[in-house]
Amino acid sequence: RTPTRPHEATFPTRITTMAAAGTATPPAPTLSPSSLITNHRYIRKTCGMHKSLVDALRTAVADGDEAELSRRLVARITGRSAVVIIAPPVGKARAVSLNGLAEAEQSASANQQATGAQPFLVVWLLLDPTDIDSKQTTFLRVDAAEAWHMGALYKLDTLSDEPIDLKQKPAYRPSEGSPLTEGAEGAEEAEEAEPGEG
């Protein structure tokens, strides 16, 4: 029997992992976008996709290569378990990829016959015919999320393969500002004043 290609998979029973691309891993029933939206264990923020990501996603869809793009994006997330889903509002996901930490959580959950691990981060990419309506929805687990996490994940792009470490808060120079004040709902305007000012 020929294995299912990742971008043709019926979500959520087959997912692509970083360690073994294209192989089946335990089902993850809690990871569909519709169930995440109603899951009280997650907070979420939706924003328009970065232009570079919209362009890369359009190319991937045209080439049937969504799985590779989702693997590339999830590989950038370090320090916490993460999943990237490329999916329409309803129906099958086109691609689902886990980083190594999320894969380990899924395996541990399956070994303990639990109902399924809940990764720290899930990014859902929704491609629309118009760029402005192509959306990135970022889900973070309430029990571990900090305000800076949303800022670090705001409008993911494909301009860099630089890792995004969700375990270590980035140090922003005062001249750069913080992406939190640009996009995170409910983020505080400023964290602290520089010592000696005033």
# chains A, B, ... in the order shown; residues from 1 in each chain; ligands from 1

$ closest_atom_pairs --of "range 64-91 of chain A" --to "range 33-48 of chain A" --cutoff "12 Å" --atoms "only C-alpha atoms" --output "tab-separated table"
residue	atom	partner	partner_atom	distance
A:Val83	CA	A:Pro33	CA	11.4
A:Val84	CA	A:Pro33	CA	10.7
A:Ile85	CA	A:Pro33	CA	8.2
A:Ile86	CA	A:Pro33	CA	9.7
A:Ala87	CA	A:Pro33	CA	8.0
A:Pro88	CA	A:Pro33	CA	9.0
A:Pro89	CA	A:Pro33	CA	7.6
A:Val90	CA	A:Ser34	CA	7.8
A:Gly91	CA	A:Ser34	CA	10.0

$ write_last_selection --atoms "N, CA, C and O atoms" --output "CSV table (one decimal), in the first residue's frame"
chain,number,residue,atom,x,y,z
A,83,VAL,N,3.3,23.2,16.8
A,83,VAL,CA,2.7,22.6,15.6
A,83,VAL,C,2.3,23.7,14.6
A,83,VAL,O,1.9,24.8,15.1
A,84,VAL,N,2.5,23.5,13.4
A,84,VAL,CA,2.1,24.4,12.3
A,84,VAL,C,1.0,23.6,11.5
A,84,VAL,O,1.3,22.5,11.0
A,85,ILE,N,-0.1,24.2,11.3
A,85,ILE,CA,-1.2,23.6,10.5
A,85,ILE,C,-1.5,24.6,9.4
A,85,ILE,O,-1.7,25.8,9.6
A,86,ILE,N,-1.6,24.0,8.2
A,86,ILE,CA,-2.1,24.8,7.0
A,86,ILE,C,-3.4,24.1,6.7
A,86,ILE,O,-3.5,22.9,6.3
A,87,ALA,N,-4.5,24.9,6.8
A,87,ALA,CA,-5.8,24.3,6.7
A,87,ALA,C,-6.9,25.4,6.3
A,87,ALA,O,-6.7,26.5,6.7
A,88,PRO,N,-7.9,24.9,5.6
A,88,PRO,CA,-9.0,25.8,5.4
A,88,PRO,C,-9.9,25.9,6.6
A,88,PRO,O,-9.6,25.2,7.6
A,89,PRO,N,-10.9,26.8,6.6
A,89,PRO,CA,-11.7,26.9,7.9
A,89,PRO,C,-12.4,25.6,8.2
A,89,PRO,O,-12.6,25.4,9.4
A,90,VAL,N,-12.8,24.8,7.3
A,90,VAL,CA,-13.5,23.5,7.5
A,90,VAL,C,-12.9,22.5,6.6
A,90,VAL,O,-12.4,22.9,5.5
A,91,GLY,N,-12.9,21.3,7.0
A,91,GLY,CA,-12.4,20.2,6.1
A,91,GLY,C,-11.0,19.8,6.5
A,91,GLY,O,-10.4,20.2,7.5

$ closest_atom_pairs --of "range 72-99 of chain A" --to "range 54-68 of chain A" --cutoff "7 Å" --atoms "only C-alpha atoms" --output "tab-separated table"
residue	atom	partner	partner_atom	distance
A:Arg72	CA	A:Glu68	CA	6.1
A:Arg94	CA	A:Glu66	CA	6.7
A:Ala95	CA	A:Ala67	CA	4.9
A:Val96	CA	A:Ala67	CA	6.9

$ closest_residue --among "A:Ile132, A:Met49, A:Ala93, A:Ala82" --to "Pro119 in chain A" --atoms "only C-alpha atoms"
A:Ala82

$ atom_distance --atom1 "CA of Ser52 in chain A" --atom2 "CA of His149 in chain A"
21.0 Å

$ closest_atom_pairs --of "range 34-147 of chain A" --to "range 167-172 of chain A" --cutoff "8 Å" --atoms "only C-alpha atoms" --output "CSV"
residue,atom,partner,partner_atom,distance
A:Thr78,CA,A:Lys167,CA,7.5
A:Gly79,CA,A:Lys167,CA,4.7
A:Arg80,CA,A:Lys167,CA,6.5

$ atom_distance --atom1 "CA of Ala144 in chain A" --atom2 "CA of Ser107 in chain A"
20.7 Å

$ closest_residue --among "A:Glu162, A:Ser97, A:Thr137, A:Trp148" --to "Leu125 in chain A" --atoms "only C-alpha atoms"
A:Thr137

$ select_by_dssp --residues "range 32-151 of chain A" --states "alpha helix (DSSP H)" --output "ChimeraX atom specification"
/A:33-37,51-63,66-75,100-111,147-151

$ write_last_selection --atoms "C-alpha atoms" --output "short mmCIF file (atom, residue, chain, number, x, y, z; two decimals), in the first residue's frame"
data_model
loop_
_atom_site.label_atom_id
_atom_site.label_comp_id
_atom_site.auth_asym_id
_atom_site.auth_seq_id
_atom_site.Cartn_x
_atom_site.Cartn_y
_atom_site.Cartn_z
CA PRO A 33 -8.45 24.62 14.29
CA SER A 34 -12.16 24.44 15.15
CA SER A 35 -11.52 22.54 18.40
CA LEU A 36 -8.65 24.86 19.37
CA ILE A 37 -10.90 27.90 18.96
CA LYS A 51 3.60 39.22 2.81
CA SER A 52 6.57 36.87 2.49
CA LEU A 53 4.59 34.05 4.13
CA VAL A 54 1.53 34.64 1.92
CA ASP A 55 3.76 34.46 -1.17
CA ALA A 56 5.53 31.32 0.06
CA LEU A 57 2.22 29.66 0.93
CA ARG A 58 0.69 30.46 -2.48
CA THR A 59 3.72 28.92 -4.18
CA ALA A 60 3.60 25.86 -1.90
CA VAL A 61 -0.10 25.31 -2.59
CA ALA A 62 0.44 25.64 -6.35
CA ASP A 63 3.33 23.14 -6.18
CA GLU A 66 2.57 22.68 1.80
CA ALA A 67 4.14 19.99 4.00
CA GLU A 68 7.65 21.26 3.28
CA LEU A 69 6.67 24.85 4.13
CA SER A 70 5.00 23.78 7.39
CA ARG A 71 8.12 21.74 8.32
CA ARG A 72 10.34 24.72 7.57
CA LEU A 73 8.26 27.03 9.76
CA VAL A 74 7.92 24.65 12.71
CA ALA A 75 11.67 23.92 12.61
CA GLY A 100 10.74 17.61 17.98
CA LEU A 101 9.33 18.61 21.37
CA ALA A 102 5.73 18.26 20.17
CA GLU A 103 6.53 14.91 18.62
CA ALA A 104 8.00 13.69 21.92
CA GLU A 105 4.88 14.85 23.79
CA GLN A 106 2.63 13.03 21.29
CA SER A 107 4.63 9.81 21.66
CA ALA A 108 4.60 10.02 25.47
CA SER A 109 0.87 10.66 25.44
CA ALA A 110 0.26 7.67 23.17
CA ASN A 111 2.46 5.42 25.33
CA ALA A 147 2.85 38.20 27.06
CA TRP A 148 6.10 38.27 25.07
CA HIS A 149 5.34 34.96 23.35
CA MET A 150 2.63 36.51 21.15
CA GLY A 151 5.00 39.31 20.20
#
